Number of protein chains: 2
Amino acid sequence: MSTKDKILDAAENFIRTQGFNSFSFRDVAAAIGIKSASVHYHFPTKDDLGEAVTDRYSANILASLEAEGAESTAPAIRVDAFIGIYRGALKDARQMCLCGMLGAEIESLGDPVKAAVRRFFQAQENWLASFLRKTHPEQDDEVARARARSAVAALQGALIMARTMDDHSVFEDVAARIRTGLIR
Amino acid sequence: MSTKDKILDAAENFIRTQGFNSFSFRDVAAAIGIKSASVHYHFPTKDDLGEAVTDRYSANILASLEAEGAESTAPAIRVDAFIGIYRGALKDARQMCLCGMLGAEIESLGDPVKAAVRRFFQAQENWLASFLRKTHPEQDDEVARARARSAVAALQGALIMARTMDDHSVFEDVAARIRTGLIR
DNA sequence: GTCTATAATTTGATAGAC
DNA sequence: GTCTATCAAATTATAGAC
């Protein structure tokens, strides 16, 4: 793996576990065995790094949804693919969604990072709303949008609560209700 | 107002808008027109300050619920009081729930602050679960708990999304669905 | 591309005068 | 209780050697 990718991996991990404002270039460098000046070579400023991490994250999530939850797949599978993205990070590494964390800290971020986080949430809402319009063609678009927003919000909040309480059952309780709500 | 209270107010505002790791003792001091050494006099360490802010916040929320959403009140009013606490901060000052922010950043916090945040979420879940057991005595306790957790999670996520998208309608869409879900 | 070295600033925290 | 002064460490970031 290239140094650039290693930097992105380390930075993503720091953001998702501790937040954007509680790690330094030295932390990233130390995590992958280089010096902080080398990190600056690849990403001049912390905002540059944050923007790159966020853009890559968004693209990865959308690609994963296209792979596991493509339009041809059955509705229940598509919903499980969506929820599974949130569950995976929690289970494997006790991580937040990158954009859930950045969204909480949004007021402390530079404009390019802010915009990248916004695009992520818009894409999430759009994916779920599009899914719902397909499975419930009789429903108003505004209802689909409200249902989509509610599901994304609940998943983000479930990650916060499950991590805080150190109890995965919080996430599973919420996920089960979202799943039913989206499929019914 | 005492200096101590002014410090708590300023710190709470910083945490709820920017997060715990993006403000300093100097920021707090400057916000209320004193010097950082005076802040240290009242709260020796940043963890001490964080713990005090969180404990005060929890107590205030519970008191507010007891005032506006007491057990004698009608169910719809009680639910509105609960949701109104989250809506208020967003509407008035574009703020997160203090413990939603700290919950996201939980891994970067000291143990006393962590514990205080946990107590808040437990209290929120307990309040709503107790409400649901009263309004739906026929339902299992585990169902009430799952419904309570889901509502709190959705509200926390709704604050993140509404702030990120700079669009209060995100919160209102989620809040309307939570309200219906809790009252039905 | 990665390093050493360093600048300029900020941070959490303390000592001691008033 | 609040201040000035200060510390040691950490932070973002850059210059220049290799």
# chains A, B, ... in the order shown; residues from 1 in each chain; ligands from 1
$ interface_residues --of "chain A" --to "chain D" --cutoff "8 Å" --atoms "only C-alpha atoms (C1' of nucleotides)" --output "list of chain:residue names"
A:Ser24, A:His40, A:Thr45
$ write_last_selection --atoms "N, CA and C atoms" --output "PDB file, in the first residue's frame"
ATOM      1  N   SER A  24      -3.114  14.538  15.873  1.00  0.00           N
ATOM      2  CA  SER A  24      -2.185  15.455  15.227  1.00  0.00           C
ATOM      3  C   SER A  24      -1.474  14.760  14.066  1.00  0.00           C
ATOM      4  N   HIS A  40       2.884  15.956   5.824  1.00  0.00           N
ATOM      5  CA  HIS A  40       2.639  17.268   5.213  1.00  0.00           C
ATOM      6  C   HIS A  40       2.991  17.272   3.732  1.00  0.00           C
ATOM      7  N   THR A  45      -2.130  20.632   4.520  1.00  0.00           N
ATOM      8  CA  THR A  45      -2.783  21.085   5.748  1.00  0.00           C
ATOM      9  C   THR A  45      -3.718  19.997   6.290  1.00  0.00           C
TER      10      THR A  45
END
$ select_by_dssp --residues "chain B" --states "alpha helix (DSSP H)" --output "ChimeraX atom specification"
/B:3-18,25-32,36-42,46-68,75-93,98-104,111-135,141-165,168-183
$ interface_residues --of "chain A" --to "chain C" --cutoff "12 Å" --atoms "only C-alpha atoms (C1' of nucleotides)" --output "list in words"
Ser2, Thr3, Lys4, Ala29, Gly33, Ile34, Lys35, Ser36, Ala37, Ser38, Val39, His40, Tyr41 and His42 of chain A
$ atom_distance --atom1 "CA of Phe23 (chain A)" --atom2 "CA of Tyr86 (chain B)"
29.1 Å
$ closest_atom_pairs --of "chain A" --to "chain B" --cutoff "7 Å" --atoms "only C-alpha atoms" --output "tab-separated table"
residue	atom	partner	partner_atom	distance
A:Thr17	CA	B:Glu107	CA	6.2
A:Gln18	CA	B:Ser108	CA	5.1
A:Gly19	CA	B:Glu105	CA	5.8
A:Asn21	CA	B:Asn21	CA	5.6
A:Ser22	CA	B:Asn21	CA	5.9
A:Met101	CA	B:Ala104	CA	6.0
A:Gly103	CA	B:Thr164	CA	5.5
A:Ala104	CA	B:Ile160	CA	5.3
A:Glu105	CA	B:Gln18	CA	5.4
A:Ile106	CA	B:Thr164	CA	6.2
A:Glu107	CA	B:Gln18	CA	5.4
A:Ser108	CA	B:Gln18	CA	5.1
A:Arg118	CA	B:Met165	CA	5.9
A:Ala146	CA	B:Asp173	CA	5.3
A:Arg149	CA	B:Val174	CA	6.7
A:Ser150	CA	B:Val174	CA	4.9
A:Ala153	CA	B:Gly157	CA	3.9
A:Ala154	CA	B:Ala154	CA	3.7
A:Gln156	CA	B:Gly157	CA	5.2
A:Gly157	CA	B:Ala153	CA	3.9
A:Ala158	CA	B:Ala153	CA	5.0
A:Ile160	CA	B:Ala104	CA	5.3
A:Met161	CA	B:Gly103	CA	6.8
A:Thr164	CA	B:Gly103	CA	5.5
A:Met165	CA	B:Arg118	CA	5.9
A:Val170	CA	B:Arg149	CA	6.8
A:Asp173	CA	B:Ala146	CA	5.3
A:Val174	CA	B:Ser150	CA	4.9
$ write_last_selection --atoms "N, CA and C atoms" --output "CSV table (one decimal), in the first residue's frame"
chain,number,residue,atom,x,y,z
A,17,THR,N,-12.6,7.3,15.7
A,17,THR,CA,-12.6,6.9,17.1
A,17,THR,C,-12.5,8.1,18.1
A,18,GLN,N,-11.7,9.1,17.7
A,18,GLN,CA,-11.5,10.2,18.7
A,18,GLN,C,-12.1,11.5,18.2
A,19,GLY,N,-12.3,11.7,16.9
A,19,GLY,CA,-12.8,13.0,16.4
A,19,GLY,C,-11.6,13.7,15.7
A,21,ASN,N,-10.5,16.8,16.0
A,21,ASN,CA,-9.7,17.7,16.7
A,21,ASN,C,-8.9,17.1,17.8
A,22,SER,N,-8.8,15.8,17.8
A,22,SER,CA,-8.0,15.2,18.9
A,22,SER,C,-6.9,14.3,18.4
A,101,MET,N,-19.3,11.5,12.9
A,101,MET,CA,-18.3,12.2,13.8
A,101,MET,C,-18.1,13.6,13.3
A,103,GLY,N,-19.9,15.4,11.3
A,103,GLY,CA,-21.1,16.1,11.4
A,103,GLY,C,-21.3,16.7,12.8
A,104,ALA,N,-21.0,16.0,13.8
A,104,ALA,CA,-21.1,16.5,15.2
A,104,ALA,C,-20.2,17.7,15.4
A,105,GLU,N,-19.0,17.5,14.8
A,105,GLU,CA,-17.9,18.6,15.0
A,105,GLU,C,-18.0,19.6,13.9
A,106,ILE,N,-19.1,19.7,13.1
A,106,ILE,CA,-19.1,20.4,11.9
A,106,ILE,C,-18.7,21.9,12.0
A,107,GLU,N,-19.0,22.5,13.1
A,107,GLU,CA,-18.7,23.9,13.3
A,107,GLU,C,-17.2,24.2,13.4
A,108,SER,N,-16.5,23.2,13.7
A,108,SER,CA,-15.0,23.4,13.9
A,108,SER,C,-14.2,23.0,12.7
A,118,ARG,N,-21.4,17.2,4.0
A,118,ARG,CA,-22.8,17.5,3.5
A,118,ARG,C,-23.1,16.6,2.3
A,146,ALA,N,-38.6,11.9,4.3
A,146,ALA,CA,-38.6,11.9,5.7
A,146,ALA,C,-38.3,10.5,6.3
A,149,ARG,N,-34.4,10.2,5.9
A,149,ARG,CA,-33.7,11.0,6.9
A,149,ARG,C,-33.8,10.4,8.3
A,150,SER,N,-35.0,9.9,8.7
A,150,SER,CA,-35.1,9.3,10.0
A,150,SER,C,-34.3,8.1,10.2
A,153,ALA,N,-30.6,9.2,10.5
A,153,ALA,CA,-30.4,9.8,11.8
A,153,ALA,C,-30.3,8.8,12.9
A,154,ALA,N,-31.3,7.8,12.9
A,154,ALA,CA,-31.3,6.8,14.0
A,154,ALA,C,-30.0,6.0,14.0
A,156,GLN,N,-27.0,6.9,12.9
A,156,GLN,CA,-25.9,7.7,13.5
A,156,GLN,C,-26.0,7.8,15.0
A,157,GLY,N,-27.2,8.1,15.5
A,157,GLY,CA,-27.4,8.2,16.9
A,157,GLY,C,-27.2,6.8,17.6
A,158,ALA,N,-27.5,5.7,16.9
A,158,ALA,CA,-27.3,4.4,17.5
A,158,ALA,C,-25.8,4.1,17.7
A,160,ILE,N,-23.5,6.4,18.3
A,160,ILE,CA,-23.0,7.2,19.4
A,160,ILE,C,-23.4,6.5,20.7
A,161,MET,N,-24.7,6.1,20.8
A,161,MET,CA,-25.2,5.5,22.1
A,161,MET,C,-24.5,4.1,22.4
A,164,THR,N,-21.0,4.8,23.5
A,164,THR,CA,-20.9,5.5,24.8
A,164,THR,C,-21.3,4.4,25.9
A,165,MET,N,-22.3,3.7,25.7
A,165,MET,CA,-22.8,2.7,26.7
A,165,MET,C,-21.9,1.4,26.6
A,170,VAL,N,-27.6,-1.9,22.0
A,170,VAL,CA,-28.3,-0.6,21.7
A,170,VAL,C,-28.4,-0.4,20.2
A,173,ASP,N,-30.9,-3.0,18.8
A,173,ASP,CA,-32.3,-2.6,19.1
A,173,ASP,C,-32.8,-1.6,18.0
A,174,VAL,N,-31.9,-0.6,17.8
A,174,VAL,CA,-32.3,0.5,16.9
A,174,VAL,C,-32.4,0.0,15.5
$ residues_around --residues "Val53 (chain A)" --least-positions-apart "4" --cutoff "7 Å" --atoms "only C-alpha atoms (C1' of nucleotides)" --output "list of chain:residue names"
A:Leu8, A:Glu12, A:Leu49, A:Tyr57
$ atom_distance --atom1 "CA of Asn60 (chain A)" --atom2 "CA of Thr180 (chain A)"
25.9 Å
